[in-house]
file target00.tsv (TSV, C-alpha atoms)
chain	number	residue	atom	x	y	z
A	1454	MET	CA	-5.12	-11.42	-12.55
A	1455	LEU	CA	-4.66	-14.98	-13.76
A	1456	SER	CA	-8.03	-14.77	-15.52
A	1457	GLY	CA	-6.87	-11.69	-17.41
A	1458	LEU	CA	-8.92	-9.15	-15.47
A	1459	GLY	CA	-6.06	-7.37	-13.72
A	1460	PHE	CA	-6.31	-5.53	-10.40
A	1461	THR	CA	-5.00	-2.77	-8.16
A	1462	PHE	CA	-3.78	-3.49	-4.63
A	1463	ALA	CA	-3.39	-0.77	-1.98
A	1464	THR	CA	-2.14	-1.08	1.59
A	1465	LEU	CA	-4.13	1.23	3.87
A	1466	ASN	CA	-2.42	2.98	6.78
A	1467	LEU	CA	-3.20	6.06	8.88
A	1468	ASP	CA	-1.20	8.34	6.59
A	1469	HIS	CA	-3.38	7.18	3.70
A	1470	LEU	CA	-6.50	7.95	5.75
A	1471	VAL	CA	-5.19	11.48	6.33
A	1472	LYS	CA	-4.47	11.94	2.63
A	1473	ARG	CA	-7.83	10.46	1.59
A	1474	ARG	CA	-9.70	13.10	3.59
A	1475	ALA	CA	-7.87	15.92	1.80
A	1476	HIS	CA	-7.41	14.42	-1.68
A	1477	ARG	CA	-10.51	13.57	-3.71
A	1478	ALA	CA	-8.65	11.70	-6.44
A	1479	PHE	CA	-6.92	9.58	-3.80
A	1480	ARG	CA	-10.30	8.70	-2.25
A	1481	GLU	CA	-11.63	7.74	-5.66
A	1482	ALA	CA	-8.57	5.61	-6.41
A	1483	TYR	CA	-9.12	3.73	-3.15
A	1484	ALA	CA	-12.82	3.32	-3.94
A	1485	ARG	CA	-11.88	1.64	-7.22
A	1486	ALA	CA	-9.08	-0.50	-5.75
A	1487	THR	CA	-9.64	-4.21	-6.25
A	1488	LEU	CA	-7.83	-5.23	-3.07
A	1489	VAL	CA	-7.02	-3.27	0.09
A	1490	SER	CA	-5.05	-4.60	3.06
A	1491	ALA	CA	-4.63	-3.11	6.52
A	1492	ASP	CA	-1.11	-1.69	6.86
A	1493	GLY	CA	-0.47	-0.50	10.40
A	1494	ALA	CA	-1.51	-1.51	13.89
A	1495	PRO	CA	-4.00	1.38	14.33
A	1496	VAL	CA	-5.86	0.48	11.12
A	1497	VAL	CA	-5.96	-3.18	12.16
A	1498	ALA	CA	-7.27	-2.25	15.63
A	1499	LEU	CA	-9.98	-0.02	14.17
A	1500	GLY	CA	-10.91	-2.58	11.53
A	1501	ARG	CA	-11.23	-5.45	13.99
A	1502	ARG	CA	-14.35	-3.84	15.40
A	1503	GLN	CA	-16.06	-4.97	12.21
A	1504	ALA	CA	-13.76	-7.79	11.05
A	1505	PRO	CA	-12.22	-9.64	14.05
A	1506	ALA	CA	-9.98	-11.79	11.84
A	1507	LEU	CA	-8.30	-8.76	10.20
A	1508	SER	CA	-4.50	-8.93	10.16
A	1509	ARG	CA	-1.74	-6.59	9.04
A	1510	THR	CA	-0.22	-6.83	5.56
A	1511	THR	CA	2.25	-4.23	4.30
A	1512	GLY	CA	3.78	-3.70	0.89
A	1513	ALA	CA	7.05	-5.09	2.24
A	1514	ASP	CA	5.19	-8.22	3.37
A	1515	LEU	CA	3.72	-8.70	-0.11
A	1516	LEU	CA	6.78	-8.28	-2.33
A	1517	ARG	CA	8.63	-11.57	-1.87
A	1518	PRO	CA	5.54	-13.85	-1.69
A	1519	LEU	CA	4.21	-12.29	-4.89
A	1520	CYS	CA	7.60	-12.70	-6.59
A	1521	ALA	CA	7.52	-16.36	-5.57
A	1522	MET	CA	4.02	-16.70	-7.01
A	1523	ALA	CA	5.05	-14.95	-10.24
A	1524	GLU	CA	8.07	-17.25	-10.58
A	1525	ARG	CA	5.89	-20.31	-10.03
A	1526	GLU	CA	3.20	-19.17	-12.49
A	1527	GLY	CA	5.62	-17.82	-15.09
A	1528	LEU	CA	4.27	-14.27	-14.84
A	1529	PRO	CA	6.59	-11.44	-15.95
A	1530	VAL	CA	6.94	-8.63	-13.39
A	1531	ALA	CA	7.91	-4.97	-13.53
A	1532	PHE	CA	9.31	-2.46	-11.04
A	1533	PHE	CA	8.61	1.25	-11.36
A	1534	GLY	CA	9.68	4.01	-8.96
A	1535	SER	CA	12.35	4.56	-6.31
A	1536	THR	CA	15.84	5.31	-7.72
A	1537	GLU	CA	17.98	3.56	-10.32
A	1538	GLN	CA	20.49	2.51	-7.67
A	1539	VAL	CA	17.87	1.05	-5.33
A	1540	LEU	CA	15.92	-0.70	-8.09
A	1541	GLY	CA	19.12	-2.10	-9.58
A	1542	GLY	CA	20.24	-3.53	-6.25
A	1543	ALA	CA	16.79	-4.83	-5.31
A	1544	THR	CA	16.13	-6.57	-8.62
A	1545	ALA	CA	19.61	-8.13	-8.57
A	1546	ARG	CA	18.87	-9.51	-5.09
A	1547	LEU	CA	15.46	-10.80	-6.16
A	1548	ARG	CA	16.94	-12.52	-9.22
A	1549	LYS	CA	19.25	-14.45	-6.90
A	1550	GLU	CA	16.39	-15.38	-4.57
A	1551	PHE	CA	14.05	-16.30	-7.42
A	1552	PRO	CA	16.22	-17.55	-10.32
A	1553	GLU	CA	13.26	-18.24	-12.62
A	1554	LEU	CA	11.54	-14.91	-11.96
A	1555	ARG	CA	11.04	-12.98	-15.21
A	1556	ILE	CA	11.73	-9.30	-14.56
A	1557	ALA	CA	10.51	-7.72	-17.78
A	1558	PHE	CA	10.82	-4.04	-16.93
A	1559	VAL	CA	12.66	-1.80	-14.45
A	1560	GLU	CA	12.44	1.99	-14.50
A	1561	SER	CA	12.97	4.85	-12.09
A	1562	PRO	CA	11.13	8.01	-13.17
A	1563	ALA	CA	12.56	11.50	-12.88
A	1564	PHE	CA	12.27	13.39	-9.60
A	1565	GLY	CA	8.88	15.09	-9.23
A	1566	PHE	CA	7.02	12.33	-11.06
A	1567	ASP	CA	3.38	13.30	-11.74
A	1568	PRO	CA	1.05	10.30	-12.17
A	1569	TYR	CA	-1.24	12.38	-14.42
A	1570	SER	CA	1.47	13.68	-16.75
A	1571	ASP	CA	2.18	12.68	-20.35
A	1572	GLU	CA	5.47	11.22	-19.13
A	1573	ALA	CA	3.55	8.99	-16.74
A	1574	ALA	CA	1.28	7.80	-19.54
A	1575	GLU	CA	4.33	7.02	-21.67
A	1576	GLY	CA	5.92	5.16	-18.75
A	1577	GLY	CA	2.74	3.16	-18.28
A	1578	ALA	CA	2.71	2.26	-21.97
A	1579	ARG	CA	6.31	1.03	-21.72
A	1580	ILE	CA	5.42	-1.10	-18.69
A	1581	VAL	CA	2.53	-2.77	-20.50
A	1582	ALA	CA	4.52	-3.16	-23.74
A	1583	SER	CA	7.14	-5.13	-21.78
A	1584	GLY	CA	4.60	-7.89	-21.22
A	1585	ALA	CA	4.67	-7.54	-17.43
A	1586	LYS	CA	1.57	-8.91	-15.72
A	1587	LEU	CA	2.47	-7.91	-12.16
A	1588	VAL	CA	3.75	-4.36	-11.57
A	1589	PHE	CA	5.34	-3.26	-8.30
A	1590	LEU	CA	5.01	0.51	-7.84
A	1591	CYS	CA	7.58	2.05	-5.49
A	1592	LEU	CA	6.48	5.68	-5.56
A	1593	GLY	CA	4.97	6.24	-2.12
A	1594	ALA	CA	1.49	7.55	-1.40
A	1595	PRO	CA	-0.49	9.01	-3.03
A	1596	LYS	CA	1.48	8.79	-6.29
A	1597	GLN	CA	1.63	4.99	-6.55
A	1598	GLU	CA	-2.09	4.55	-5.86
A	1599	LEU	CA	-3.06	7.30	-8.32
A	1600	PHE	CA	-0.74	5.88	-10.98
A	1601	ALA	CA	-2.06	2.35	-10.44
A	1602	ASP	CA	-5.63	3.59	-10.71
A	1603	ARG	CA	-4.92	5.48	-13.92
A	1604	LEU	CA	-3.16	2.56	-15.59
A	1605	ALA	CA	-5.74	-0.02	-14.50
A	1606	GLN	CA	-8.46	1.99	-16.24
A	1607	ILE	CA	-6.48	1.94	-19.48
A	1608	HIS	CA	-4.66	-1.41	-19.49
A	1609	ALA	CA	-6.62	-4.56	-18.65
A	1610	GLY	CA	-5.04	-7.81	-17.56
A	1611	VAL	CA	-2.25	-6.30	-15.45
A	1612	GLY	CA	-1.96	-6.21	-11.65
A	1613	PHE	CA	-0.63	-3.00	-10.06
A	1614	ILE	CA	0.59	-3.13	-6.46
A	1615	GLY	CA	1.84	-0.22	-4.34
A	1616	VAL	CA	4.76	-1.47	-2.27
A	1617	GLY	CA	6.31	1.84	-1.18
A	1618	ALA	CA	9.70	1.37	0.46
A	1619	ALA	CA	9.80	-2.42	0.08
A	1620	VAL	CA	12.71	-2.25	-2.38
A	1621	ASP	CA	14.58	0.12	-0.05
A	1622	PHE	CA	14.35	-2.48	2.71
A	1623	ILE	CA	15.77	-5.16	0.40
A	1624	VAL	CA	18.98	-3.21	-0.31
A	1625	GLY	CA	19.26	-1.53	3.10
A	1626	ALA	CA	18.57	2.00	1.86
A	1627	GLN	CA	16.05	2.07	4.69
A	1628	THR	CA	15.98	-0.26	7.69
A	1629	ARG	CA	12.72	-1.88	8.65
A	1630	ALA	CA	11.79	-2.11	12.33
A	1631	PRO	CA	12.85	-5.30	14.14
A	1632	ARG	CA	10.26	-8.07	14.04
A	1633	ALA	CA	9.57	-7.71	17.78
A	1634	LEU	CA	8.54	-4.07	17.34
A	1635	ARG	CA	6.39	-4.95	14.33
A	1636	ARG	CA	4.57	-7.59	16.35
A	1637	LEU	CA	3.88	-5.00	19.06
A	1638	GLY	CA	2.53	-2.56	16.49
A	1639	LEU	CA	5.39	-0.11	17.06
A	1640	GLU	CA	6.95	0.05	13.60
A	1641	TRP	CA	5.75	3.66	13.35
A	1642	LEU	CA	7.87	4.55	16.39
A	1643	TRP	CA	10.96	3.00	14.80
A	1644	ARG	CA	10.38	4.92	11.58
A	1645	ALA	CA	9.77	8.20	13.41
A	1646	ALA	CA	13.00	7.78	15.37
A	1647	SER	CA	14.90	6.92	12.17
A	1648	ASN	CA	13.74	10.02	10.28
A	1649	PRO	CA	12.18	12.54	12.71
A	1650	ARG	CA	12.42	15.60	10.45
A	1651	ARG	CA	10.47	13.99	7.62
A	1652	LEU	CA	7.99	11.98	9.66
A	1653	ALA	CA	7.24	13.97	12.82
A	1654	GLY	CA	4.61	16.17	11.17
A	1655	ARG	CA	3.06	13.25	9.32
A	1656	TYR	CA	2.68	11.15	12.44
A	1657	ALA	CA	1.26	14.10	14.37
A	1658	GLN	CA	-1.50	14.36	11.76
A	1659	CYS	CA	-2.03	10.60	11.98
A	1660	ALA	CA	-2.34	10.75	15.77
A	1661	LEU	CA	-4.94	13.52	15.55
A	1662	LEU	CA	-6.97	11.58	13.00
A	1663	LEU	CA	-6.77	8.39	15.06
A	1664	ALA	CA	-8.07	10.24	18.13
A	1665	ARG	CA	-10.90	11.71	16.07
A	1666	ILE	CA	-11.91	8.33	14.65
A	1667	VAL	CA	-11.89	6.68	18.09
A	1668	ILE	CA	-14.05	9.46	19.53
A	1669	GLU	CA	-16.46	9.24	16.58
A	1670	GLN	CA	-16.74	5.47	16.96
A	1671	ARG	CA	-17.44	5.73	20.69
A	1672	LEU	CA	-20.05	8.44	20.19
A	1673	PHE	CA	-21.73	6.38	17.49
A	1674	ALA	CA	-21.72	3.27	19.69
A	1675	ALA	CA	-23.16	5.22	22.62
A	1676	THR	CA	-25.87	6.78	20.46
A	1677	ALA	CA	-26.78	3.42	18.94
A	1678	SER	CA	-26.95	1.83	22.38
A	1679	ARG	CA	-29.29	4.56	23.67
A	1680	GLY	CA	-31.51	4.09	20.63
A	1681	VAL	CA	-31.76	0.36	21.27
A	1682	HIS	CA	-32.70	0.87	24.92
A	1683	ARG	CA	-35.35	3.46	24.00
A	1684	ALA	CA	-36.92	0.91	21.67
A	1685	GLY	CA	-37.13	-1.52	24.56
A	1686	ILE	CA	-34.69	-3.99	23.01
A	1687	SER	CA	-31.81	-5.59	24.88
A	1688	PRO	CA	-28.42	-5.04	23.14
A	1689	ALA	CA	-27.85	-8.79	23.48
A	1690	GLU	CA	-30.84	-9.43	21.28
call {"tool": "encode", "arguments": {"input": "target00.tsv", "output": "structure tokens"}}
result
Amino acid sequence: MLSGLGFTFATLNLDHLVKRRAHRAFREAYARATLVSADGAPVVALGRRQAPALSRTTGADLLRPLCAMAEREGLPVAFFGSTEQVLGGATARLRKEFPELRIAFVESPAFGFDPYSDEAAEGGARIVASGAKLVFLCLGAPKQELFADRLAQIHAGVGFIGVGAAVDFIVGAQTRAPRALRRLGLEWLWRAASNPRRLAGRYAQCALLLARIVIEQRLFAATASRGVHRAGISPAE
């Protein structure tokens, strides 16, 4: 971003994996993403099979450190998504925490926002015209990732980051799980208990996908191990 190339940053969780399997454009947006972090204990656990040092980073974890970096580097930032009330409260709080932070643009789109609409293109043009170099998208998946992908292909030199409910946590519109539960990888349980009607079905789909992935990984490992033994090679070699 500092070199003028821009980027997109997505935070991958199980819900995103479910959506990626059903949504081609979402898969393609992820394939083009510059940076992807593991958001969620199951994704971290699965990823550590290939990358032992993998750790969890959510959109909520990114927001304040990136605001601190933007303040230090003199980079204007923008916020797009959520509601006017939430964005107003969150940006007011962030201005107090980071007095030198330049918030160049704040906008909450109309309900039913479509990242491929003309209105979205016009919103993207307003964001870029504001001079913002770091854009926090608070639209939820898959809208924020699709919108970031679309804008990044049109506007160079700007970083687009999907932070979901991070601004809601700042103002208390939603309550994040206690740190102890997050460390245990149980934030999903806290969220499900907080909003069972909205999240029960989503987490059921996530649980089914997780079980499928684990089974596929074990079958692959068993098949690979049998192939090695048939070739007369010790797995340790």
call {"tool": "closest_residue", "arguments": {"input": "target00.tsv", "among": "A:Val1489, A:Leu1499, A:Ala1484, A:Leu1634", "to": "A:Arg1671", "atoms": "only C-alpha atoms"}}
result
A:Leu1499
call {"tool": "closest_residue", "arguments": {"input": "target00.tsv", "among": "A:Val1539, A:Leu1470, A:Ala1506, A:Ala1498", "to": "A:Gln1658", "atoms": "all atoms listed in the file"}}
result
A:Leu1470
call {"tool": "atom_distance", "arguments": {"input": "target00.tsv", "atom1": "atom CA of A:Asp1492", "atom2": "atom CA of A:Thr1464"}}
result
5.4 Å
call {"tool": "atom_distance", "arguments": {"input": "target00.tsv", "atom1": "atom CA of A:Leu1639", "atom2": "atom CA of A:Pro1495"}}
result
9.9 Å
call {"tool": "residues_around", "arguments": {"input": "target00.tsv", "residues": "A:Leu1663", "least_positions_apart": "2", "cutoff": "12 Å", "atoms": "only C-alpha atoms", "output": "MDAnalysis selection string"}}
result
chainID A and resid 1466:1471 1493:1499 1656:1661 1665:1670
call {"tool": "write_last_selection", "arguments": {"input": "target00.tsv", "atoms": "C-alpha atoms", "output": "PDB file, keeping the file's coordinate frame"}}
result
ATOM      1  CA  ASN A1466      -2.420   2.980   6.780  1.00  0.00           C
ATOM      2  CA  LEU A1467      -3.200   6.060   8.880  1.00  0.00           C
ATOM      3  CA  ASP A1468      -1.200   8.340   6.590  1.00  0.00           C
ATOM      4  CA  HIS A1469      -3.380   7.180   3.700  1.00  0.00           C
ATOM      5  CA  LEU A1470      -6.500   7.950   5.750  1.00  0.00           C
ATOM      6  CA  VAL A1471      -5.190  11.480   6.330  1.00  0.00           C
ATOM      7  CA  GLY A1493      -0.470  -0.500  10.400  1.00  0.00           C
ATOM      8  CA  ALA A1494      -1.510  -1.510  13.890  1.00  0.00           C
ATOM      9  CA  PRO A1495      -4.000   1.380  14.330  1.00  0.00           C
ATOM     10  CA  VAL A1496      -5.860   0.480  11.120  1.00  0.00           C
ATOM     11  CA  VAL A1497      -5.960  -3.180  12.160  1.00  0.00           C
ATOM     12  CA  ALA A1498      -7.270  -2.250  15.630  1.00  0.00           C
ATOM     13  CA  LEU A1499      -9.980  -0.020  14.170  1.00  0.00           C
ATOM     14  CA  TYR A1656       2.680  11.150  12.440  1.00  0.00           C
ATOM     15  CA  ALA A1657       1.260  14.100  14.370  1.00  0.00           C
ATOM     16  CA  GLN A1658      -1.500  14.360  11.760  1.00  0.00           C
ATOM     17  CA  CYS A1659      -2.030  10.600  11.980  1.00  0.00           C
ATOM     18  CA  ALA A1660      -2.340  10.750  15.770  1.00  0.00           C
ATOM     19  CA  LEU A1661      -4.940  13.520  15.550  1.00  0.00           C
ATOM     20  CA  ARG A1665     -10.900  11.710  16.070  1.00  0.00           C
ATOM     21  CA  ILE A1666     -11.910   8.330  14.650  1.00  0.00           C
ATOM     22  CA  VAL A1667     -11.890   6.680  18.090  1.00  0.00           C
ATOM     23  CA  ILE A1668     -14.050   9.460  19.530  1.00  0.00           C
ATOM     24  CA  GLU A1669     -16.460   9.240  16.580  1.00  0.00           C
ATOM     25  CA  GLN A1670     -16.740   5.470  16.960  1.00  0.00           C
TER      26      GLN A1670
END
call {"tool": "closest_residue", "arguments": {"input": "target00.tsv", "among": "A:Ala1531, A:Ala1543, A:Ile1556, A:Leu1599", "to": "A:Ala1463", "atoms": "only C-alpha atoms"}}
result
A:Leu1599
call {"tool": "closest_atom_pairs", "arguments": {"input": "target00.tsv", "of": "stretch 1506-1583 of chain A", "to": "stretch 1624-1631 of chain A", "cutoff": "12 Å", "atoms": "all atoms listed in the file", "output": "Markdown table"}}
result
| residue | atom | partner | partner_atom | distance |
| --- | --- | --- | --- | --- |
| A:Thr1511 | CA | A:Arg1629 | CA | 11.6 |
| A:Gly1512 | CA | A:Arg1629 | CA | 12.0 |
| A:Ala1513 | CA | A:Arg1629 | CA | 9.1 |
| A:Asp1514 | CA | A:Arg1629 | CA | 11.2 |
| A:Ser1535 | CA | A:Ala1626 | CA | 10.6 |
| A:Thr1536 | CA | A:Ala1626 | CA | 10.5 |
| A:Gln1538 | CA | A:Val1624 | CA | 9.4 |
| A:Val1539 | CA | A:Val1624 | CA | 6.7 |
| A:Leu1540 | CA | A:Val1624 | CA | 8.7 |
| A:Gly1541 | CA | A:Val1624 | CA | 9.3 |
| A:Gly1542 | CA | A:Val1624 | CA | 6.1 |
| A:Ala1543 | CA | A:Val1624 | CA | 5.7 |
| A:Thr1544 | CA | A:Val1624 | CA | 9.4 |
| A:Ala1545 | CA | A:Val1624 | CA | 9.6 |
| A:Arg1546 | CA | A:Val1624 | CA | 7.9 |
| A:Leu1547 | CA | A:Val1624 | CA | 10.2 |
call {"tool": "atom_distance", "arguments": {"input": "target00.tsv", "atom1": "atom CA of A:Glu1537", "atom2": "atom CA of A:Val1620"}}
result
11.2 Å
